[in-house]
>>> print(open('query-v7.cif').read())   # mmCIF, C-alpha atoms
data_start
#
loop_
_atom_site.group_PDB
_atom_site.id
_atom_site.type_symbol
_atom_site.label_atom_id
_atom_site.label_comp_id
_atom_site.auth_asym_id
_atom_site.auth_seq_id
_atom_site.Cartn_x
_atom_site.Cartn_y
_atom_site.Cartn_z
ATOM 1 C CA MET A 86 -3.018 4.453 -0.977
ATOM 2 C CA GLY A 87 -2.065 6.385 -4.105
ATOM 3 C CA ILE A 88 -0.916 3.315 -6.040
ATOM 4 C CA GLU A 89 -2.088 2.881 -9.621
ATOM 5 C CA LYS A 90 -1.528 -0.223 -11.743
ATOM 6 C CA GLY A 91 0.467 -1.964 -9.057
ATOM 7 C CA GLU A 92 2.175 -5.302 -9.569
ATOM 8 C CA PRO A 93 2.269 -7.810 -6.693
ATOM 9 C CA ASP A 94 5.464 -8.991 -5.083
ATOM 10 C CA MET A 95 5.158 -12.656 -6.032
ATOM 11 C CA TYR A 96 7.864 -13.766 -3.605
ATOM 12 C CA GLY A 97 5.817 -12.165 -0.847
ATOM 13 C CA VAL A 98 2.675 -13.912 -2.081
ATOM 14 C CA PHE A 99 4.380 -17.318 -2.046
ATOM 15 C CA ALA A 100 5.957 -16.664 1.360
ATOM 16 C CA THR A 101 2.591 -15.674 2.825
ATOM 17 C CA GLY A 102 0.971 -18.777 1.358
ATOM 18 C CA GLY A 103 3.609 -21.023 2.899
ATOM 19 C CA ILE A 104 3.407 -19.305 6.286
ATOM 20 C CA THR A 105 -0.399 -19.528 6.234
ATOM 21 C CA ALA A 106 -0.144 -23.267 5.595
ATOM 22 C CA LEU A 107 2.171 -23.537 8.619
ATOM 23 C CA HIS A 108 -0.316 -21.605 10.740
ATOM 24 C CA LEU A 109 -2.997 -24.152 9.931
ATOM 25 C CA ALA A 110 -1.031 -27.394 9.804
ATOM 26 C CA LEU A 111 2.040 -27.092 12.076
ATOM 27 C CA PRO A 112 0.526 -28.688 15.222
ATOM 28 C CA SER A 113 -0.795 -31.568 13.135
ATOM 29 C CA MET A 114 2.596 -32.007 11.481
ATOM 30 C CA MET A 115 4.290 -32.051 14.891
ATOM 31 C CA ASN A 116 1.994 -34.930 15.893
ATOM 32 C CA ASN A 117 2.249 -36.929 12.660
ATOM 33 C CA PHE A 118 -1.271 -35.769 11.740
ATOM 34 C CA ASP A 119 -2.758 -37.891 14.529
ATOM 35 C CA ILE A 120 -4.577 -34.987 16.214
ATOM 36 C CA ASN A 121 -7.756 -33.290 15.075
ATOM 37 C CA PHE A 122 -7.128 -30.445 12.621
ATOM 38 C CA PHE A 123 -9.543 -28.014 14.316
ATOM 39 C CA PRO A 124 -8.394 -26.299 17.531
ATOM 40 C CA TRP A 125 -11.762 -26.443 19.288
ATOM 41 C CA ILE A 126 -12.026 -30.241 18.989
ATOM 42 C CA MET A 127 -10.059 -32.253 21.536
ATOM 43 C CA ASP A 128 -9.222 -35.913 21.076
ATOM 44 C CA ASP A 129 -7.207 -38.567 22.879
ATOM 45 C CA GLU A 130 -4.010 -37.727 20.989
ATOM 46 C CA LYS A 131 -4.140 -33.962 21.446
ATOM 47 C CA GLU A 132 -2.435 -32.438 24.482
ATOM 48 C CA ARG A 133 -3.381 -29.112 25.998
ATOM 49 C CA ARG A 134 -0.199 -27.520 24.676
ATOM 50 C CA ASP A 135 -1.084 -28.700 21.170
ATOM 51 C CA GLN A 136 -4.498 -27.084 21.479
ATOM 52 C CA ARG A 137 -2.959 -23.861 22.831
ATOM 53 C CA LEU A 138 -0.598 -23.731 19.873
ATOM 54 C CA GLN A 139 -3.454 -24.356 17.455
ATOM 55 C CA TYR A 140 -5.501 -21.517 18.933
ATOM 56 C CA PHE A 141 -2.484 -19.218 18.804
ATOM 57 C CA LEU A 142 -1.616 -20.026 15.192
ATOM 58 C CA TRP A 143 -5.177 -19.760 13.950
ATOM 59 C CA GLY A 144 -5.794 -16.606 15.974
ATOM 60 C CA THR A 145 -2.698 -14.818 14.661
ATOM 61 C CA LEU A 146 -3.494 -15.344 10.995
ATOM 62 C CA PRO A 147 -4.691 -11.703 10.760
ATOM 63 C CA LEU A 148 -1.206 -10.605 11.846
ATOM 64 C CA THR A 149 0.360 -12.615 9.039
ATOM 65 C CA PHE A 150 -2.039 -11.110 6.521
ATOM 66 C CA SER A 151 -1.244 -7.638 7.897
ATOM 67 C CA VAL A 152 2.485 -8.268 7.457
ATOM 68 C CA SER A 153 1.856 -9.461 3.913
ATOM 69 C CA PHE A 154 -0.163 -6.298 3.234
ATOM 70 C CA TYR A 155 2.599 -4.038 4.555
ATOM 71 C CA ASN A 156 5.166 -5.944 2.514
ATOM 72 C CA GLN A 157 3.135 -5.443 -0.644
ATOM 73 C CA LEU A 158 2.731 -1.739 0.122
ATOM 74 C CA ALA A 159 6.477 -1.289 0.656
ATOM 75 C CA TYR A 160 7.145 -3.117 -2.609
ATOM 76 C CA GLN A 161 4.726 -0.867 -4.510
ATOM 77 C CA TYR A 162 6.054 2.334 -2.952
ATOM 78 C CA HIS A 163 9.593 1.348 -3.938
ATOM 79 C CA ARG A 164 8.560 0.583 -7.503
ATOM 80 C CA LYS A 165 6.378 3.658 -7.935
ATOM 81 C CA SER A 166 8.723 6.095 -6.138
ATOM 82 C CA LEU A 167 5.966 7.018 -3.691
ATOM 83 C CA LEU A 168 5.857 7.487 0.063
ATOM 84 C CA PRO A 169 3.358 5.927 2.499
ATOM 85 C CA PRO A 170 0.626 7.992 4.168
ATOM 86 C CA LEU A 171 1.498 10.007 7.316
ATOM 87 C CA PHE A 172 5.145 10.220 6.254
ATOM 88 C CA GLU A 173 5.496 13.722 7.695
ATOM 89 C CA ASP A 174 6.642 12.017 10.909
ATOM 90 C CA PRO A 175 7.880 8.609 9.751
ATOM 91 C CA ASP A 176 9.744 7.757 12.965
ATOM 92 C CA ALA A 177 6.782 8.043 15.337
ATOM 93 C CA THR A 178 4.432 6.393 12.835
ATOM 94 C CA ALA A 179 6.799 3.475 12.265
ATOM 95 C CA ALA A 180 7.206 2.941 16.003
ATOM 96 C CA ALA A 181 3.429 2.995 16.504
ATOM 97 C CA VAL A 182 2.878 0.491 13.692
ATOM 98 C CA SER A 183 5.517 -1.830 15.170
ATOM 99 C CA VAL A 184 3.644 -1.960 18.464
ATOM 100 C CA PHE A 185 0.706 -3.680 16.741
ATOM 101 C CA VAL A 186 2.224 -5.460 13.716
ATOM 102 C CA PRO A 187 5.412 -7.553 14.001
ATOM 103 C CA GLY A 188 7.962 -5.882 11.740
ATOM 104 C CA GLY A 189 5.353 -3.356 10.641
ATOM 105 C CA GLY A 190 7.462 -0.289 11.293
ATOM 106 C CA MET A 191 10.308 -1.617 9.181
ATOM 107 C CA PHE A 192 7.926 -2.344 6.314
ATOM 108 C CA TYR A 193 6.516 1.169 6.721
ATOM 109 C CA LYS A 194 10.000 2.584 6.190
ATOM 110 C CA GLY A 195 10.555 0.370 3.165
ATOM 111 C CA ARG A 196 12.907 -2.064 4.899
ATOM 112 C CA ARG A 197 11.244 -5.292 3.842
ATOM 113 C CA PHE A 198 14.055 -7.725 4.752
ATOM 114 C CA GLU A 199 14.285 -6.382 8.290
ATOM 115 C CA GLY A 200 10.493 -6.455 8.555
ATOM 116 C CA TRP A 201 10.331 -10.141 7.670
ATOM 117 C CA CYS A 202 13.173 -10.909 10.112
ATOM 118 C CA PHE A 203 11.375 -9.233 13.015
ATOM 119 C CA TYR A 204 8.068 -10.879 12.102
ATOM 120 C CA LEU A 205 9.508 -14.406 11.862
ATOM 121 C CA SER A 206 11.566 -14.004 15.046
ATOM 122 C CA GLU A 207 8.669 -12.673 17.103
ATOM 123 C CA MET A 208 6.181 -15.234 15.854
ATOM 124 C CA THR A 209 8.644 -18.044 16.579
ATOM 125 C CA LEU A 210 9.234 -16.834 20.137
ATOM 126 C CA ALA A 211 5.515 -16.289 20.711
ATOM 127 C CA GLY A 212 4.592 -19.721 19.380
ATOM 128 C CA TYR A 213 7.253 -21.441 21.474
ATOM 129 C CA SER A 214 6.121 -19.531 24.547
ATOM 130 C CA VAL A 215 2.503 -20.589 24.051
ATOM 131 C CA TYR A 216 3.470 -24.212 23.392
ATOM 132 C CA GLN A 217 5.829 -24.516 26.375
ATOM 133 C CA TRP A 218 4.032 -22.145 28.758
ATOM 134 C CA ASP A 219 3.892 -24.808 31.485
ATOM 135 C CA LYS A 220 7.702 -24.891 31.540
ATOM 136 C CA THR A 221 10.330 -22.350 32.483
ATOM 137 C CA SER A 222 11.567 -22.194 28.891
ATOM 138 C CA GLY A 223 8.143 -21.001 27.734
ATOM 139 C CA LYS A 224 8.108 -18.121 30.179
ATOM 140 C CA ALA A 225 11.699 -17.273 29.258
ATOM 141 C CA ALA A 226 10.644 -17.132 25.614
ATOM 142 C CA ALA A 227 7.859 -14.713 26.556
ATOM 143 C CA GLY A 228 10.415 -12.469 28.252
ATOM 144 C CA GLY A 229 12.625 -12.664 25.189
ATOM 145 C CA LEU A 230 9.653 -11.715 23.037
ATOM 146 C CA LEU A 231 8.975 -8.592 25.111
ATOM 147 C CA LEU A 232 12.622 -7.598 24.857
ATOM 148 C CA LEU A 233 12.672 -8.185 21.109
ATOM 149 C CA LYS A 234 9.485 -6.172 20.679
ATOM 150 C CA ALA A 235 11.060 -3.250 22.558
ATOM 151 C CA VAL A 236 14.124 -3.505 20.314
ATOM 152 C CA GLU A 237 11.913 -3.565 17.222
ATOM 153 C CA VAL A 238 10.013 -0.438 18.261
ATOM 154 C CA ALA A 239 13.279 1.391 18.997
ATOM 155 C CA VAL A 240 14.896 0.297 15.719
ATOM 156 C CA SER A 241 11.761 1.216 13.767
ATOM 157 C CA TYR A 242 11.918 4.690 15.255
ATOM 158 C CA ALA A 243 15.651 5.177 14.677
ATOM 159 C CA ALA A 244 16.119 3.542 11.268
ATOM 160 C CA SER A 245 16.224 5.798 8.240
ATOM 161 C CA PRO A 246 13.630 5.221 5.482
ATOM 162 C CA SER A 247 15.011 3.225 2.578
ATOM 163 C CA TYR A 248 12.782 4.747 -0.109
ATOM 164 C CA ARG A 249 14.975 6.264 -2.789
ATOM 165 C CA VAL A 250 12.572 9.133 -3.385
ATOM 166 C CA HIS A 251 12.860 10.084 0.277
ATOM 167 C CA ARG A 252 16.651 9.918 0.299
ATOM 168 C CA THR A 253 17.106 11.973 -2.851
ATOM 169 C CA GLU A 254 14.212 14.428 -2.799
ATOM 170 C CA VAL A 255 12.637 14.755 0.631
ATOM 171 C CA SER A 256 15.177 14.302 3.414
ATOM 172 C CA SER A 257 17.295 17.288 4.257
ATOM 173 C CA GLY A 258 20.571 17.437 6.094
ATOM 174 C CA ASP A 259 21.313 13.762 5.415
ATOM 175 C CA ASN A 260 23.927 13.139 2.763
ATOM 176 C CA TYR A 261 22.728 9.849 1.330
ATOM 177 C CA PRO A 262 24.767 8.917 -1.758
ATOM 178 C CA ASP A 263 22.724 8.001 -4.828
ATOM 179 C CA PHE A 264 24.232 5.487 -7.260
ATOM 180 C CA SER A 265 23.020 5.054 -10.822
ATOM 181 C CA VAL A 266 24.082 2.971 -13.813
ATOM 182 C CA GLY A 267 23.004 3.570 -17.392
ATOM 183 C CA ILE A 268 23.767 2.745 -21.020
ATOM 184 C CA ASN A 269 23.994 5.736 -23.341
ATOM 185 C CA THR A 270 25.013 6.264 -26.936
ATOM 186 C CA GLY A 271 28.534 7.666 -27.101
ATOM 187 C CA ILE A 272 30.050 10.129 -29.570
ATOM 188 C CA SER A 273 31.152 7.307 -31.842
ATOM 189 C CA GLY A 274 27.600 5.900 -31.939
ATOM 190 C CA SER A 275 28.349 2.842 -29.835
ATOM 191 C CA ASP A 276 26.759 2.129 -26.473
ATOM 192 C CA GLU A 277 28.687 3.222 -23.409
ATOM 193 C CA VAL A 278 28.090 2.251 -19.791
ATOM 194 C CA THR A 279 27.925 5.255 -17.460
ATOM 195 C CA LEU A 280 28.256 5.225 -13.707
ATOM 196 C CA SER A 281 27.421 8.154 -11.457
ATOM 197 C CA VAL A 282 27.387 8.940 -7.768
ATOM 198 C CA SER A 283 25.612 12.009 -6.422
ATOM 199 C CA ILE A 284 25.272 13.361 -2.897
ATOM 200 C CA PRO A 285 22.564 15.931 -2.109
ATOM 201 C CA PHE A 286 23.545 18.946 -0.019
#
>>> encode(input="query-v7.cif", output="structure tokens")
Amino acid sequence: MGIEKGEPDMYGVFATGGITALHLALPSMMNNFDINFFPWIMDDEKERRDQRLQYFLWGTLPLTFSVSFYNQLAYQYHRKSLLPPLFEDPDATAAAVSVFVPGGGMFYKGRRFEGWCFYLSEMTLAGYSVYQWDKTSGKAAAGGLLLLKAVEVAVSYAASPSYRVHRTEVSSGDNYPDFSVGINTGISGSDEVTLSVSIPF
């Protein structure tokens, strides 16, 4: 990926660890740990909707790991002033990634906060839909999920990349202001704080 001597985003690591624990333990927690931990084992306390939710949460762990991977990549590209692969057409690539990975297109464009928001929202709707599929509210949640996914793909296509190197060196025709703050030695020898704003043209 072109990243050398990268440093992990520890907040992302902790968030992924907590979400992974929820994937594995949420149905048990919802039932006061009275149901069997493994999805494929039914018992007297486990309802069909509990088992469906277990299968869904265990089966979507690869999506969570993919989101974590994209988050780490976006973090590294920000820190290293690099751009992701296939960035010649970032809009189409981001939209395509979002089709398969919740929030993936936003991570691809460096928008990590928005990526996490889409991921958490879509996984919540999907999980609720699976759990309550026998009810009208479950099917309504599935419809809401499809609508949200369409919004995510459209936003991923339309949003501008947030990488500073793209705004200041690559993009043309877009006047993104660049703010910088520094401490320099003044004429008198003392440190002076300098502020600057530049707009490419």
>>> resolve_selection(input="query-v7.cif", expression="the PyMOL selection byres ((chain A and resi 143) around 10)", output="ChimeraX atom specification")
/A:105,107-110,123-124,138-142,144-147
>>> residues_around(input="query-v7.cif", residues="Phe118 (chain A)", least_positions_apart="4", cutoff="12 Å", atoms="only C-alpha atoms", output="PyMOL selection string")
chain A and resi 109-114+122-123+130-131+135
>>> closest_residue(input="query-v7.cif", among="A:Leu210, A:Leu158, A:Met127, A:Ala235", to="Tyr248 (chain A)", atoms="only C-alpha atoms")
A:Leu158
>>> closest_residue(input="query-v7.cif", among="A:Asp176, A:Glu207, A:Asp219, A:Glu199", to="Pro246 (chain A)", atoms="only C-alpha atoms")
A:Asp176
>>> atom_distance(input="query-v7.cif", atom1="CA of Ala227 (chain A)", atom2="CA of Val184 (chain A)")
15.7 Å
